[in-house]
$ cat input_1.txt   # compact mmCIF, C-alpha atoms
# COMPACT_ATOMS: atom_id res chain seq x y z
CA MET E 30 0.00 0.00 0.00
CA SER E 31 1.31 3.44 -0.92
CA LYS E 32 1.80 6.15 1.67
CA PRO E 33 1.58 9.95 1.48
CA THR E 34 5.20 10.10 2.65
CA ASP E 35 6.45 8.12 -0.37
CA ILE E 36 8.89 10.11 -2.45
CA ARG E 37 10.00 10.25 -6.07
CA LEU E 38 13.14 11.74 -7.59
CA MET E 39 12.76 15.15 -9.22
CA SER E 40 16.37 16.01 -10.04
CA VAL E 41 19.78 14.47 -9.47
CA ARG E 42 23.15 16.15 -10.04
CA ARG E 43 26.73 15.47 -9.06
CA ASP E 44 30.11 17.09 -8.44
CA MET E 45 33.53 15.81 -7.45
CA GLU E 46 36.44 16.81 -5.22
CA ARG E 47 39.98 15.47 -5.17
CA TYR E 48 42.32 15.61 -2.18
CA GLY E 49 45.88 14.45 -1.70
CA TYR E 50 46.69 12.48 1.44
CA ARG E 51 48.92 14.19 4.00
CA SER E 52 50.86 10.91 4.17
CA PRO E 53 50.57 7.67 2.17
CA MET E 54 48.46 4.82 3.54
CA LYS E 55 49.45 1.20 2.96
CA PHE E 56 47.07 -1.71 3.38
CA GLY E 57 47.02 -5.17 1.84
CA GLY E 58 50.23 -4.49 -0.06
CA ARG E 59 48.81 -1.39 -1.75
CA VAL E 60 49.61 2.27 -1.21
CA VAL E 61 47.02 5.05 -1.50
CA ARG E 62 48.07 8.69 -1.86
CA ASP E 63 44.89 10.59 -2.74
CA VAL E 64 41.12 10.36 -2.88
CA VAL E 65 38.24 11.35 -5.15
CA LEU E 66 35.01 12.30 -3.39
CA PHE E 67 31.92 11.78 -5.53
CA ASN E 68 29.03 13.99 -4.32
CA VAL E 69 25.36 13.70 -5.29
CA HIS E 70 22.56 16.22 -4.73
CA THR E 71 19.03 14.80 -5.09
CA GLU E 72 15.73 16.69 -4.97
CA VAL E 73 12.63 14.65 -4.16
CA GLU E 74 8.90 15.20 -3.85
CA SER E 75 6.48 13.31 -1.61
CA ARG E 76 3.03 12.14 -2.68
CA ASP E 77 1.52 14.85 -0.48
CA GLY E 78 3.52 17.56 -2.22
CA ARG E 79 6.46 18.23 0.12
CA ARG E 80 9.93 18.70 -1.31
CA GLY E 81 13.46 18.31 0.01
CA THR E 82 17.04 18.05 -1.23
CA GLY E 83 19.54 15.50 0.04
CA PHE E 84 23.29 15.20 -0.16
CA GLY E 85 25.41 12.08 -0.40
CA SER E 86 29.19 11.79 -0.59
CA MET E 87 31.61 8.89 -0.75
CA THR E 88 35.22 8.16 -1.57
CA MET E 89 35.71 6.28 -4.83
CA GLY E 90 37.92 3.68 -3.14
CA ASN E 91 38.91 1.70 -6.20
CA ILE E 92 42.10 0.29 -4.66
CA TRP E 93 39.95 -1.48 -2.07
CA ALA E 94 36.75 -2.12 -4.03
CA TRP E 95 38.35 -3.33 -7.27
CA SER E 96 41.30 -5.30 -5.97
CA GLY E 97 43.12 -8.32 -7.32
CA GLY E 98 41.98 -8.06 -10.92
CA VAL E 99 43.87 -7.39 -14.12
CA THR E 100 42.62 -3.85 -14.76
CA ASP E 101 45.09 -1.13 -13.78
CA PRO E 102 44.16 1.18 -10.85
CA GLN E 103 43.80 4.34 -12.93
CA THR E 104 41.30 2.60 -15.20
CA THR E 105 39.33 1.11 -12.32
CA LEU E 106 39.00 4.59 -10.79
CA GLU E 107 37.83 6.04 -14.11
CA ILE E 108 35.29 3.24 -14.59
CA MET E 109 33.89 3.66 -11.08
CA ILE E 110 33.49 7.41 -11.63
CA GLU E 111 31.83 6.81 -15.00
CA PHE E 112 29.53 4.26 -13.35
CA ALA E 113 28.55 6.79 -10.68
CA GLU E 114 27.98 9.52 -13.29
CA SER E 115 25.89 7.24 -15.51
CA LEU E 116 23.85 6.17 -12.50
CA VAL E 117 23.08 9.80 -11.70
CA GLN E 118 21.91 10.36 -15.27
CA ARG E 119 19.64 7.32 -15.14
CA ALA E 120 18.30 8.22 -11.70
CA HIS E 121 17.39 11.66 -13.01
CA GLY E 122 14.65 10.02 -15.08
CA PHE E 123 13.48 7.51 -12.45
CA ARG E 124 9.99 8.58 -11.37
CA GLU E 125 8.65 5.74 -9.21
CA PHE E 126 7.23 6.61 -5.77
CA GLY E 127 8.30 4.78 -2.62
CA HIS E 128 10.31 4.70 0.57
CA PRO E 129 14.08 5.16 -0.10
CA LEU E 130 14.68 1.52 0.82
CA GLU E 131 12.25 0.50 -1.90
CA LEU E 132 13.57 2.96 -4.47
CA VAL E 133 17.15 1.87 -3.96
CA HIS E 134 16.20 -1.81 -4.09
CA ASP E 135 14.17 -1.42 -7.28
CA PHE E 136 16.74 0.77 -9.01
CA ALA E 137 19.65 -1.53 -8.11
CA GLY E 138 18.75 -3.70 -11.10
CA GLU E 139 20.38 -0.98 -13.18
CA TYR E 140 23.77 -1.63 -11.56
CA VAL E 141 24.49 -4.96 -13.24
CA LEU E 142 23.29 -3.75 -16.64
CA LEU E 143 25.36 -0.59 -16.42
CA ALA E 144 28.45 -2.52 -15.33
CA GLU E 145 28.08 -4.87 -18.31
CA GLN E 146 27.75 -1.93 -20.69
CA LEU E 147 30.89 -0.30 -19.30
CA GLN E 148 32.83 -3.55 -19.56
CA LYS E 149 31.88 -3.82 -23.22
CA LYS E 150 32.45 -0.13 -23.96
CA HIS E 151 35.98 -0.15 -22.53
CA ALA E 152 36.83 -3.71 -23.65
CA LEU E 153 37.68 -4.72 -20.09
CA GLN E 154 39.07 -8.21 -19.60
CA GLU E 155 37.11 -8.66 -16.38
CA PRO E 156 33.67 -7.64 -15.12
CA MET E 157 33.27 -4.73 -12.75
CA PRO E 158 33.13 -6.31 -9.26
CA LYS E 159 29.87 -6.01 -7.37
CA LEU E 160 31.74 -4.36 -4.50
CA ALA E 161 32.96 -1.62 -6.86
CA GLN E 162 29.40 -1.15 -8.11
CA LEU E 163 28.10 -0.71 -4.57
CA VAL E 164 30.78 1.84 -3.69
CA ALA E 165 30.14 3.86 -6.84
CA ALA E 166 26.37 3.81 -6.21
CA SER E 167 26.58 4.66 -2.51
CA PRO E 168 26.66 8.50 -2.76
CA TRP E 169 23.45 8.46 -4.80
CA GLU E 170 21.80 6.12 -2.31
CA ALA E 171 22.86 8.30 0.61
CA SER E 172 21.44 11.39 -1.10
CA VAL E 173 18.02 9.72 -1.48
CA PHE E 174 17.83 8.75 2.20
CA ASP E 175 19.04 12.20 3.22
CA ALA E 176 16.44 13.88 1.00
CA PHE E 177 13.69 11.70 2.45
CA GLY E 178 14.45 12.82 5.99
CA LYS E 179 14.72 16.46 5.01
CA THR E 180 11.44 16.31 3.12
CA LEU E 181 9.67 15.02 6.25
CA ASN E 182 11.74 17.22 8.62
CA GLN E 183 12.95 14.18 10.53
CA ASN E 184 16.07 12.12 11.02
CA VAL E 185 15.93 9.22 8.59
CA TYR E 186 16.43 6.67 11.41
CA ASN E 187 12.96 7.65 12.65
CA LEU E 188 11.44 6.72 9.28
CA LEU E 189 12.08 2.97 9.17
CA SER E 190 8.84 1.64 10.69
CA PRO E 191 5.67 0.27 9.01
CA GLU E 192 4.25 3.79 9.25
CA PHE E 193 6.62 4.79 6.44
CA CYS E 194 7.68 1.52 4.74
CA ASN E 195 5.45 -0.27 2.25
CA ARG E 196 7.38 -3.54 2.38
CA ASP E 197 8.76 -5.55 5.28
CA LEU E 198 12.20 -7.10 5.55
CA GLY E 199 11.00 -10.37 4.05
CA ASP E 200 11.02 -8.65 0.66
CA TYR E 201 14.71 -7.76 0.97
CA LEU E 202 16.14 -10.72 2.92
CA ASP E 203 14.05 -13.92 3.23
CA GLU E 204 10.93 -15.32 4.85
CA GLU E 205 12.69 -15.58 8.20
CA PHE E 206 12.42 -11.78 8.37
CA ARG E 207 8.79 -11.57 7.23
CA GLY E 208 6.84 -9.03 9.28
CA GLY E 209 9.98 -7.28 10.53
CA TYR E 210 11.11 -3.70 9.88
CA LEU E 211 14.36 -1.83 10.29
CA ASP E 212 13.10 0.18 13.26
CA GLN E 213 13.40 -3.07 15.28
CA TYR E 214 17.16 -3.16 14.61
CA THR E 215 18.08 0.51 14.97
CA LEU E 216 17.94 3.15 17.70
CA ARG E 217 15.64 6.18 17.64
CA THR E 218 18.29 8.31 19.31
CA PRO E 219 22.02 7.88 18.73
CA LYS E 220 24.38 6.68 21.43
CA PRO E 221 25.59 9.86 23.17
CA SER E 222 29.28 9.18 22.54
CA MET E 223 31.43 6.43 21.05
CA PRO E 224 35.15 5.57 21.03
CA LEU E 225 37.13 6.39 17.90
CA TYR E 226 39.07 3.61 16.16
CA HIS E 227 42.38 5.00 14.83
CA LEU E 228 44.09 3.28 11.90
CA VAL E 229 47.72 2.22 12.17
CA GLY E 230 48.69 1.80 8.52
CA ALA E 231 51.58 -0.42 7.47
CA LEU E 232 53.71 2.65 6.68
CA ASP E 233 52.74 4.67 9.73
CA PRO E 234 55.60 5.52 12.13
CA LEU E 235 55.16 4.20 15.65
CA ARG E 236 57.91 6.20 17.41
CA PRO E 237 59.80 9.45 16.75
CA SER E 238 62.76 7.42 15.48
CA ASP E 239 60.53 5.93 12.76
CA VAL E 240 59.75 9.35 11.24
CA THR E 241 62.04 9.64 8.21
CA GLU E 242 60.07 12.28 6.27
CA PRO E 243 58.14 14.59 8.62
CA VAL E 244 54.92 16.01 7.19
CA GLY E 245 55.40 19.21 9.17
CA ASP E 246 51.78 20.34 9.15
CA GLY E 247 51.33 20.52 12.92
CA LEU E 248 49.47 17.20 13.21
CA PRO E 249 51.04 14.17 14.93
CA GLU E 250 53.84 12.45 13.07
CA HIS E 251 53.81 9.05 14.84
CA LEU E 252 51.49 6.75 16.79
CA GLY E 253 52.60 7.87 20.25
CA ASP E 254 51.76 11.47 19.40
CA TRP E 255 48.40 10.49 17.90
CA ILE E 256 47.41 8.67 21.09
CA GLN E 257 48.23 11.77 23.15
CA TYR E 258 46.71 14.22 20.66
CA ASN E 259 43.32 12.47 20.35
CA GLY E 260 43.29 10.55 23.65
CA LEU E 261 42.95 7.32 21.67
CA THR E 262 41.87 4.01 23.22
CA HIS E 263 41.10 1.96 20.06
CA LEU E 264 43.72 1.10 17.41
CA LYS E 265 43.10 -0.78 14.16
CA ILE E 266 46.33 -2.38 12.93
CA LYS E 267 46.89 -3.07 9.22
CA LEU E 268 48.88 -6.28 8.76
CA ASN E 269 50.64 -8.07 5.93
CA GLY E 270 49.11 -11.55 5.95
CA GLU E 271 52.11 -13.02 4.14
CA ASP E 272 54.88 -12.37 6.67
CA LEU E 273 54.05 -13.83 10.06
CA ASP E 274 57.12 -12.47 11.83
CA TRP E 275 56.39 -8.95 10.57
CA ASP E 276 52.72 -9.17 11.56
CA VAL E 277 53.47 -10.39 15.07
CA GLY E 278 56.24 -7.84 15.45
CA ARG E 279 53.97 -5.06 14.25
CA VAL E 280 51.28 -5.85 16.82
CA LEU E 281 53.85 -6.13 19.59
CA GLY E 282 55.45 -2.87 18.44
CA VAL E 283 52.09 -1.09 18.51
CA ASP E 284 51.38 -2.58 21.92
CA ALA E 285 54.74 -1.43 23.30
CA VAL E 286 54.14 2.17 22.17
CA ALA E 287 50.50 2.15 23.29
CA SER E 288 51.38 0.68 26.70
CA GLU E 289 54.04 3.29 27.31
CA VAL E 290 51.86 6.23 26.31
CA GLN E 291 48.61 4.99 27.86
CA ARG E 292 50.16 4.33 31.23
CA GLY E 293 51.83 7.71 31.11
CA ARG E 294 48.45 9.34 30.65
CA GLY E 295 46.76 7.18 33.28
CA CYS E 296 44.72 5.06 30.87
CA THR E 297 44.23 1.47 32.02
CA GLU E 298 42.08 0.03 29.22
CA TRP E 299 42.58 0.14 25.46
CA PHE E 300 41.86 -2.14 22.49
CA TYR E 301 43.10 -3.35 19.10
CA SER E 302 41.66 -4.87 15.96
CA ALA E 303 43.71 -6.68 13.32
CA ASP E 304 43.05 -6.23 9.61
CA PHE E 305 44.81 -8.54 7.15
CA ASN E 306 42.89 -7.26 4.08
CA GLU E 307 42.44 -10.81 2.73
CA ARG E 308 46.18 -11.52 2.52
CA CYS E 309 46.35 -14.66 4.68
CA GLY E 310 46.62 -17.91 2.76
CA ASN E 311 44.47 -19.87 5.17
CA VAL E 312 43.08 -20.01 8.68
CA GLY E 313 46.25 -21.72 9.86
CA TYR E 314 48.11 -18.44 9.42
CA VAL E 315 45.56 -16.68 11.63
CA LEU E 316 45.75 -19.36 14.30
CA GLU E 317 49.54 -19.19 14.39
CA PHE E 318 49.38 -15.40 14.52
CA LEU E 319 47.05 -15.54 17.52
CA ARG E 320 49.18 -18.19 19.22
CA LYS E 321 52.36 -16.16 18.85
CA ILE E 322 50.71 -12.95 20.09
CA GLU E 323 49.34 -14.69 23.16
CA GLU E 324 52.67 -16.37 23.85
CA ALA E 325 54.67 -13.13 23.50
CA SER E 326 52.20 -10.81 25.26
CA PRO E 327 49.05 -12.11 26.95
CA ALA E 328 48.04 -8.49 27.59
CA ALA E 329 48.22 -7.60 23.88
CA PHE E 330 46.24 -10.74 23.07
CA GLU E 331 43.49 -9.74 25.52
CA ARG E 332 43.32 -6.26 23.98
CA LEU E 333 42.63 -7.72 20.53
CA GLN E 334 38.87 -7.26 20.02
CA TYR E 335 38.39 -8.82 16.59
CA ILE E 336 39.97 -9.79 13.27
CA GLU E 337 38.83 -8.44 9.92
CA GLN E 338 38.54 -10.66 6.87
CA PRO E 339 41.85 -12.54 6.80
CA THR E 340 41.51 -14.54 3.55
CA HIS E 341 40.40 -13.97 -0.04
CA ARG E 342 37.14 -12.14 -0.71
CA ASP E 343 35.92 -14.76 -3.21
CA LEU E 344 34.28 -17.19 -0.79
CA GLY E 345 33.04 -19.45 -3.57
CA ALA E 346 36.47 -19.87 -5.13
CA PHE E 347 38.11 -20.74 -1.80
CA PRO E 348 35.60 -22.89 0.12
CA GLU E 349 38.44 -24.33 2.19
CA ASN E 350 39.01 -20.95 3.89
CA LYS E 351 36.79 -21.71 6.86
CA MET E 352 37.11 -19.58 9.99
CA HIS E 353 35.50 -21.75 12.68
CA GLN E 354 38.72 -22.38 14.62
CA ALA E 355 39.81 -18.73 14.61
CA ALA E 356 36.32 -17.48 15.43
CA ALA E 357 36.31 -19.72 18.50
CA ILE E 358 39.19 -17.59 19.80
CA LYS E 359 38.32 -14.06 18.60
CA PRO E 360 35.45 -12.67 16.50
CA VAL E 361 36.29 -12.89 12.79
CA VAL E 362 34.29 -10.40 10.71
CA ILE E 363 33.39 -10.56 7.04
CA ASP E 364 34.24 -7.37 5.13
CA GLU E 365 35.25 -7.37 1.45
CA SER E 366 33.15 -10.49 0.75
CA LEU E 367 29.96 -8.97 2.14
CA VAL E 368 28.01 -7.62 -0.85
CA ASP E 369 24.51 -9.05 -0.29
CA PHE E 370 22.44 -11.31 1.94
CA GLU E 371 23.57 -14.45 0.16
CA SER E 372 27.23 -13.64 0.88
CA LEU E 373 26.33 -13.09 4.55
CA ARG E 374 24.74 -16.52 4.73
CA LYS E 375 27.73 -18.03 2.95
CA SER E 376 30.15 -16.40 5.39
CA ARG E 377 28.23 -17.78 8.37
CA SER E 378 28.46 -21.28 6.95
CA MET E 379 32.23 -20.78 6.61
CA GLY E 380 32.63 -19.84 10.26
CA TYR E 381 32.65 -16.05 10.22
CA SER E 382 31.20 -14.80 13.47
CA GLY E 383 30.95 -11.07 12.75
CA VAL E 384 30.08 -8.47 10.16
CA ALA E 385 31.82 -5.24 9.17
CA LEU E 386 29.25 -2.76 7.91
CA LYS E 387 30.33 0.10 5.62
CA ALA E 388 28.41 3.15 4.41
CA CYS E 389 30.41 2.91 1.19
CA LYS E 390 28.43 -0.22 0.25
CA GLY E 391 25.19 1.76 0.36
CA HIS E 392 22.95 2.88 3.19
CA ALA E 393 20.27 0.29 2.43
CA GLU E 394 22.83 -2.53 2.25
CA ALA E 395 24.36 -1.52 5.59
CA LEU E 396 20.98 -1.35 7.34
CA LEU E 397 19.81 -4.69 5.94
CA MET E 398 23.04 -6.54 6.71
CA GLY E 399 23.05 -4.97 10.18
CA ALA E 400 19.53 -6.24 10.81
CA ALA E 401 20.45 -9.74 9.67
CA ALA E 402 23.62 -9.79 11.77
CA LEU E 403 21.70 -8.67 14.85
CA LYS E 404 19.05 -11.33 14.35
CA TYR E 405 21.76 -13.98 14.03
CA GLY E 406 23.63 -12.73 17.10
CA MET E 407 26.81 -11.86 15.19
CA PHE E 408 29.55 -9.48 16.31
CA LEU E 409 29.08 -6.10 14.60
CA CYS E 410 31.41 -3.25 13.73
CA VAL E 411 31.25 -0.34 11.27
CA GLN E 412 34.34 0.43 9.21
CA ASP E 413 35.00 3.40 6.97
CA LEU E 414 36.89 3.81 3.70
CA THR E 415 39.05 6.70 4.93
CA CYS E 416 35.86 8.75 4.71
CA PRO E 417 36.10 12.50 5.34
CA GLY E 418 33.37 15.10 5.79
CA ALA E 419 29.82 14.01 5.02
CA SER E 420 30.89 10.44 4.22
CA PHE E 421 32.36 10.11 7.71
CA LEU E 422 29.20 11.50 9.33
CA HIS E 423 27.19 8.98 7.33
CA SER E 424 29.38 6.13 8.59
CA ALA E 425 29.32 7.45 12.16
CA SER E 426 25.52 7.72 12.14
CA LEU E 427 25.31 4.02 11.28
CA SER E 428 27.60 3.19 14.19
CA ALA E 429 25.63 5.35 16.60
CA ARG E 430 22.24 3.92 15.58
CA ILE E 431 23.01 0.19 15.46
CA PRO E 432 22.75 -1.15 19.02
CA THR E 433 25.75 -3.46 19.41
CA VAL E 434 28.36 -1.46 17.47
CA ALA E 435 30.87 -0.28 20.10
CA ALA E 436 33.21 2.11 18.27
CA ILE E 437 33.60 4.26 15.15
CA GLU E 438 36.49 3.94 12.72
CA GLY E 439 37.52 7.33 11.33
CA ASN E 440 40.68 7.67 9.24
CA GLY E 441 39.97 10.86 7.30
CA ARG E 442 41.41 13.08 10.03
CA GLN E 443 44.72 11.17 9.75
CA TYR E 444 45.18 11.01 6.00
CA CYS E 445 42.85 13.63 4.51
CA PRO E 446 42.18 16.35 7.12
CA ALA E 447 41.72 19.06 4.46
CA ALA E 448 38.44 17.44 3.37
CA ASN E 449 37.14 17.68 6.96
CA LYS E 450 37.72 21.43 7.27
CA PRO E 451 34.34 22.54 5.83
CA TRP E 452 32.54 20.33 8.37
CA GLU E 453 34.45 20.97 11.58
CA ASP E 454 32.56 24.05 12.78
CA ARG E 455 29.17 22.44 12.12
CA TYR E 456 30.06 19.16 13.86
CA PRO E 457 32.88 19.99 16.27
CA SER E 458 32.39 16.95 18.52
CA MET E 459 32.78 14.70 15.48
CA PHE E 460 35.96 16.21 14.08
CA ARG E 461 37.83 17.73 17.04
CA ILE E 462 38.77 14.82 19.26
CA SER E 463 40.65 15.08 22.55
CA ASP E 464 39.36 12.28 24.78
CA GLY E 465 39.25 9.40 22.30
CA THR E 466 35.50 9.66 21.80
CA LEU E 467 33.13 11.17 19.27
CA GLY E 468 30.13 13.19 20.43
CA THR E 469 27.51 11.28 18.48
CA ALA E 470 24.64 12.80 20.50
CA MET E 471 24.53 15.61 17.94
CA LEU E 472 23.71 13.26 15.01
CA THR E 473 19.98 13.91 15.28
CA GLY E 474 19.49 16.37 12.43
CA GLN E 475 17.07 16.09 9.54
CA GLY E 476 18.20 13.54 6.99
CA LEU E 477 21.10 11.12 7.59
CA TYR E 478 22.83 12.93 10.44
$ encode --input "input_1.txt" --output "C-alpha cells"
Amino acid sequence: MSKPTDIRLMSVRRDMERYGYRSPMKFGGRVVRDVVLFNVHTEVESRDGRRGTGFGSMTMGNIWAWSGGVTDPQTTLEIMIEFAESLVQRAHGFREFGHPLELVHDFAGEYVLLAEQLQKKHALQEPMPKLAQLVAASPWEASVFDAFGKTLNQNVYNLLSPEFCNRDLGDYLDEEFRGGYLDQYTLRTPKPSMPLYHLVGALDPLRPSDVTEPVGDGLPEHLGDWIQYNGLTHLKIKLNGEDLDWDVGRVLGVDAVASEVQRGRGCTEWFYSADFNERCGNVGYVLEFLRKIEEASPAAFERLQYIEQPTHRDLGAFPENKMHQAAAIKPVVIDESLVDFESLRKSRSMGYSGVALKACKGHAEALLMGAAALKYGMFLCVQDLTCPGASFLHSASLSARIPTVAAIEGNGRQYCPAANKPWEDRYPSMFRISDGTLGTAMLTGQGLY
C-alpha cells in the first residue's frame, strides 16, 4: 500500500572533489596517496507535495573495491566514476514513488546492466566487481535517504517503521524476516558518545625514530603522538598476511608504544583490531598469529577485540578458507566479501562470526546486513573507507544507531584532514577529538545525520 510520505526523484546532479593524502596509507600491499570524493545532490517530492534536497558523498575507493583483478588502478578509478555519473543520469529520469529503501532496491537492477555496458564499452578483460558497483552507487543512495528525511523534517532513522515503509524485511532478505522492519534493529536516538578507532597503517611511524620524512603540518607524526593528541583508546592495525614475523612484530610494536603512552596518561584500558585485508593464505596463518601474540604478550592478546577478513574475498572460489577455529578464539568479521544477503549466509556457513558494515556499500545494504547480523547474534562493527566530511558523518551515524556497534572507525582526520575542514565548525564533537570519543549525541538532524 502506498503512503503519502512516499517520495519520487525530481532532479539528481553530481560534483567531485579530489584531495591528496597528508601521508601515504598502505594496506594489503597497496599504497594510497589521494582520494576522489563523488558527491550527489538529489531533490525529491512526496506524494503529499512536500519537497526536500539530500546530499550524499563517498570516496571512490577503487584500490579497495576493485582489488586483485587485471585492470590497472587508474582505469578502475575512471570506470567507477563513470559508473557513478551514468547512475546519476539514469536516476534523473526515475519517477517511481516509494520509501528510499524500496527505491534503492528497485533501481539496483540498473547496476548490473550498467556494469556490463561499461565492460563492453571499454573492452575490459574482467567484469566490474559487485563491490565496486556498490561503492560507486553509494553516494546516490545516501542522497536519497538524506532527502527523504529532510522532506519530512525528521532524522531518517525515525522513518524505518511500518508507518513509512510499504514492504517488510522479508522482501529484501528472506521469509525468516517476514513481518519485521528496520526500526526493530536501529535506535531512535544515537548513542551519546562512542570511542574512535584509529588506523595504524603499514607505513605509519610508531615512534619518533621511525619518522624519516616529517609532514610538518602541525598534526602528529607518529602513533605515540596520535594517542596523546586524540586521547585514543582503540587502534586498528593493518597487517601483511604473508609475513608472520612482521605481523606479530607489528602488533607487539604497537602494543609497546601504546602501553608506554597509555600508562603515562593514566589510561588502564585500550583495544586493538587486526586487519589482514584478505592476505592470509588460510586459517592456519591466523591461528599461528594468535598463538604467537598470546605467547609473547598475553596483555596484547586480551586487547585484541576482533579480526577483519583474513583470507580472499571470493568465498566461492576458496571454500576451504573456513574460519571456525579462529572465530572460537576471537570474533572474525566478514568485510570485502559482504556484498549481499547471500554472501552473509555463505560467510556464516564458513565460520565467520561477525560483520563489518560500511556506508560505502550503500545505506540500504548496511541497514539490511546490520539487521540480519543482529538477528543472528553476530559481532558487529562499522568500518570506513578513509571517509572525510559528510561520508564520515554517514558512517558514524550508522555506528551510533546500530545497538551493538561499540566504536567508530575514522581515518579521514589522519590522511585527509583538508576534506574535513568545511565540516568541523558544524560538527565539532565529530571532528575535534581530545578524549578518544566522538560526540555522536549531535547526530539527530534532519536527513542522515
$ closest_residue --input "input_1.txt" --among "E:Thr34, E:Asn182, E:Ser40, E:Ser115" --to "E:His128" --atoms "all atoms listed in the file"
E:Thr34
$ closest_atom_pairs --input "input_1.txt" --of "stretch 282-383 of chain E" --to "stretch 406-425 of chain E" --cutoff "9 Å" --atoms "all atoms listed in the file" --output "JSON lines"
{"residue": "E:Tyr335", "atom": "CA", "partner": "E:Phe408", "partner_atom": "CA", "distance": 8.9}
{"residue": "E:Pro360", "atom": "CA", "partner": "E:Phe408", "partner_atom": "CA", "distance": 6.7}
{"residue": "E:Val361", "atom": "CA", "partner": "E:Phe408", "partner_atom": "CA", "distance": 8.3}
{"residue": "E:Val362", "atom": "CA", "partner": "E:Phe408", "partner_atom": "CA", "distance": 7.4}
{"residue": "E:Asp364", "atom": "CA", "partner": "E:Gln412", "partner_atom": "CA", "distance": 8.8}
{"residue": "E:Tyr381", "atom": "CA", "partner": "E:Met407", "partner_atom": "CA", "distance": 8.7}
{"residue": "E:Ser382", "atom": "CA", "partner": "E:Met407", "partner_atom": "CA", "distance": 5.6}
{"residue": "E:Gly383", "atom": "CA", "partner": "E:Phe408", "partner_atom": "CA", "distance": 4.1}
$ atom_distance --input "input_1.txt" --atom1 "atom CA of E:His392" --atom2 "atom CA of E:Ala171"
6.0 Å
$ closest_residue --input "input_1.txt" --among "E:Gly178, E:Gly399, E:Pro327, E:Pro237" --to "E:Lys387" --atoms "all atoms listed in the file"
E:Gly399
$ closest_residue --input "input_1.txt" --among "E:Arg430, E:Lys220, E:Arg43, E:Arg377" --to "E:Ala400" --atoms "all atoms listed in the file"
E:Arg430
$ closest_atom_pairs --input "input_1.txt" --of "stretch 281-347 of chain E" --to "stretch 55-65 of chain E" --cutoff "7 Å" --atoms "only C-alpha atoms" --output "CSV"
residue,atom,partner,partner_atom,distance
E:Phe305,CA,E:Gly57,CA,6.7
E:Asn306,CA,E:Gly57,CA,5.1
E:Arg308,CA,E:Gly57,CA,6.4
$ residues_around --input "input_1.txt" --residues "E:Leu143" --least-positions-apart "4" --cutoff "8 Å" --atoms "only C-alpha atoms" --output "list in words"
Phe112, Ser115, Leu116, Glu139 and Leu147 of chain E
$ closest_residue --input "input_1.txt" --among "E:Pro432, E:Pro191, E:Pro53, E:Gly122" --to "E:Ser31" --atoms "all atoms listed in the file"
E:Pro191
$ closest_residue --input "input_1.txt" --among "E:His227, E:His121, E:Lys375, E:Arg342" --to "E:Val69" --atoms "only C-alpha atoms"
E:His121
$ closest_residue --input "input_1.txt" --among "E:Ser458, E:Thr71, E:Asn91, E:Asn440" --to "E:Ala161" --atoms "only C-alpha atoms"
E:Asn91
$ residues_around --input "input_1.txt" --residues "stretch 288-294 of chain E" --least-positions-apart "4" --cutoff "8 Å" --atoms "all atoms listed in the file" --output "PyMOL selection string"
chain E and resi 253+256-257+284
$ residues_around --input "input_1.txt" --residues "E:Glu114" --least-positions-apart "5" --cutoff "10 Å" --atoms "all atoms listed in the file" --output "count of residues only"
12
$ axis_aligned_box --input "input_1.txt" --around "stretch 129-132 of chain E" --padding-each-side "3 Å" --output "JSON"
{"center_x": 13.5, "center_y": 2.8, "center_z": -1.8, "size_x": 8.4, "size_y": 10.7, "size_z": 11.3}
$ residues_around --input "input_1.txt" --residues "stretch 352-354 of chain E" --least-positions-apart "4" --cutoff "12 Å" --atoms "all atoms listed in the file" --output "ChimeraX atom specification"
/E:309,311-317,319,336-341,344,347-348,358-363,375-383
$ atom_distance --input "input_1.txt" --atom1 "atom CA of E:Lys267" --atom2 "atom CA of E:Val229"
6.1 Å
$ build_atoms --input "input_1.txt" --residues "stretch 420-430 of chain E" --atoms "N, CA and C atoms" --output "mmCIF file, in the coordinates of the input"
data_model
loop_
_atom_site.group_PDB
_atom_site.id
_atom_site.type_symbol
_atom_site.label_atom_id
_atom_site.label_comp_id
_atom_site.auth_asym_id
_atom_site.auth_seq_id
_atom_site.Cartn_x
_atom_site.Cartn_y
_atom_site.Cartn_z
ATOM 1 N N SER E 420 30.817 11.910 4.271
ATOM 2 C CA SER E 420 30.890 10.440 4.220
ATOM 3 C C SER E 420 31.241 9.868 5.585
ATOM 4 N N PHE E 421 32.055 10.571 6.361
ATOM 5 C CA PHE E 421 32.360 10.110 7.710
ATOM 6 C C PHE E 421 31.143 10.242 8.619
ATOM 7 N N LEU E 422 30.408 11.336 8.519
ATOM 8 C CA LEU E 422 29.200 11.500 9.330
ATOM 9 C C LEU E 422 28.177 10.414 9.009
ATOM 10 N N HIS E 423 28.085 10.052 7.753
ATOM 11 C CA HIS E 423 27.190 8.980 7.330
ATOM 12 C C HIS E 423 27.590 7.668 8.010
ATOM 13 N N SER E 424 28.887 7.340 7.959
ATOM 14 C CA SER E 424 29.380 6.130 8.590
ATOM 15 C C SER E 424 29.189 6.162 10.104
ATOM 16 N N ALA E 425 29.466 7.317 10.705
ATOM 17 C CA ALA E 425 29.320 7.450 12.160
ATOM 18 C C ALA E 425 27.870 7.318 12.590
ATOM 19 N N SER E 426 26.939 7.829 11.774
ATOM 20 C CA SER E 426 25.520 7.720 12.140
ATOM 21 C C SER E 426 25.079 6.263 12.165
ATOM 22 N N LEU E 427 25.606 5.452 11.238
ATOM 23 C CA LEU E 427 25.310 4.020 11.280
ATOM 24 C C LEU E 427 25.796 3.409 12.584
ATOM 25 N N SER E 428 27.029 3.737 12.960
ATOM 26 C CA SER E 428 27.600 3.190 14.190
ATOM 27 C C SER E 428 26.772 3.578 15.405
ATOM 28 N N ALA E 429 26.335 4.831 15.429
ATOM 29 C CA ALA E 429 25.630 5.350 16.600
ATOM 30 C C ALA E 429 24.189 4.858 16.695
ATOM 31 N N ARG E 430 23.640 4.335 15.589
ATOM 32 C CA ARG E 430 22.240 3.920 15.580
ATOM 33 C C ARG E 430 22.036 2.406 15.576
#
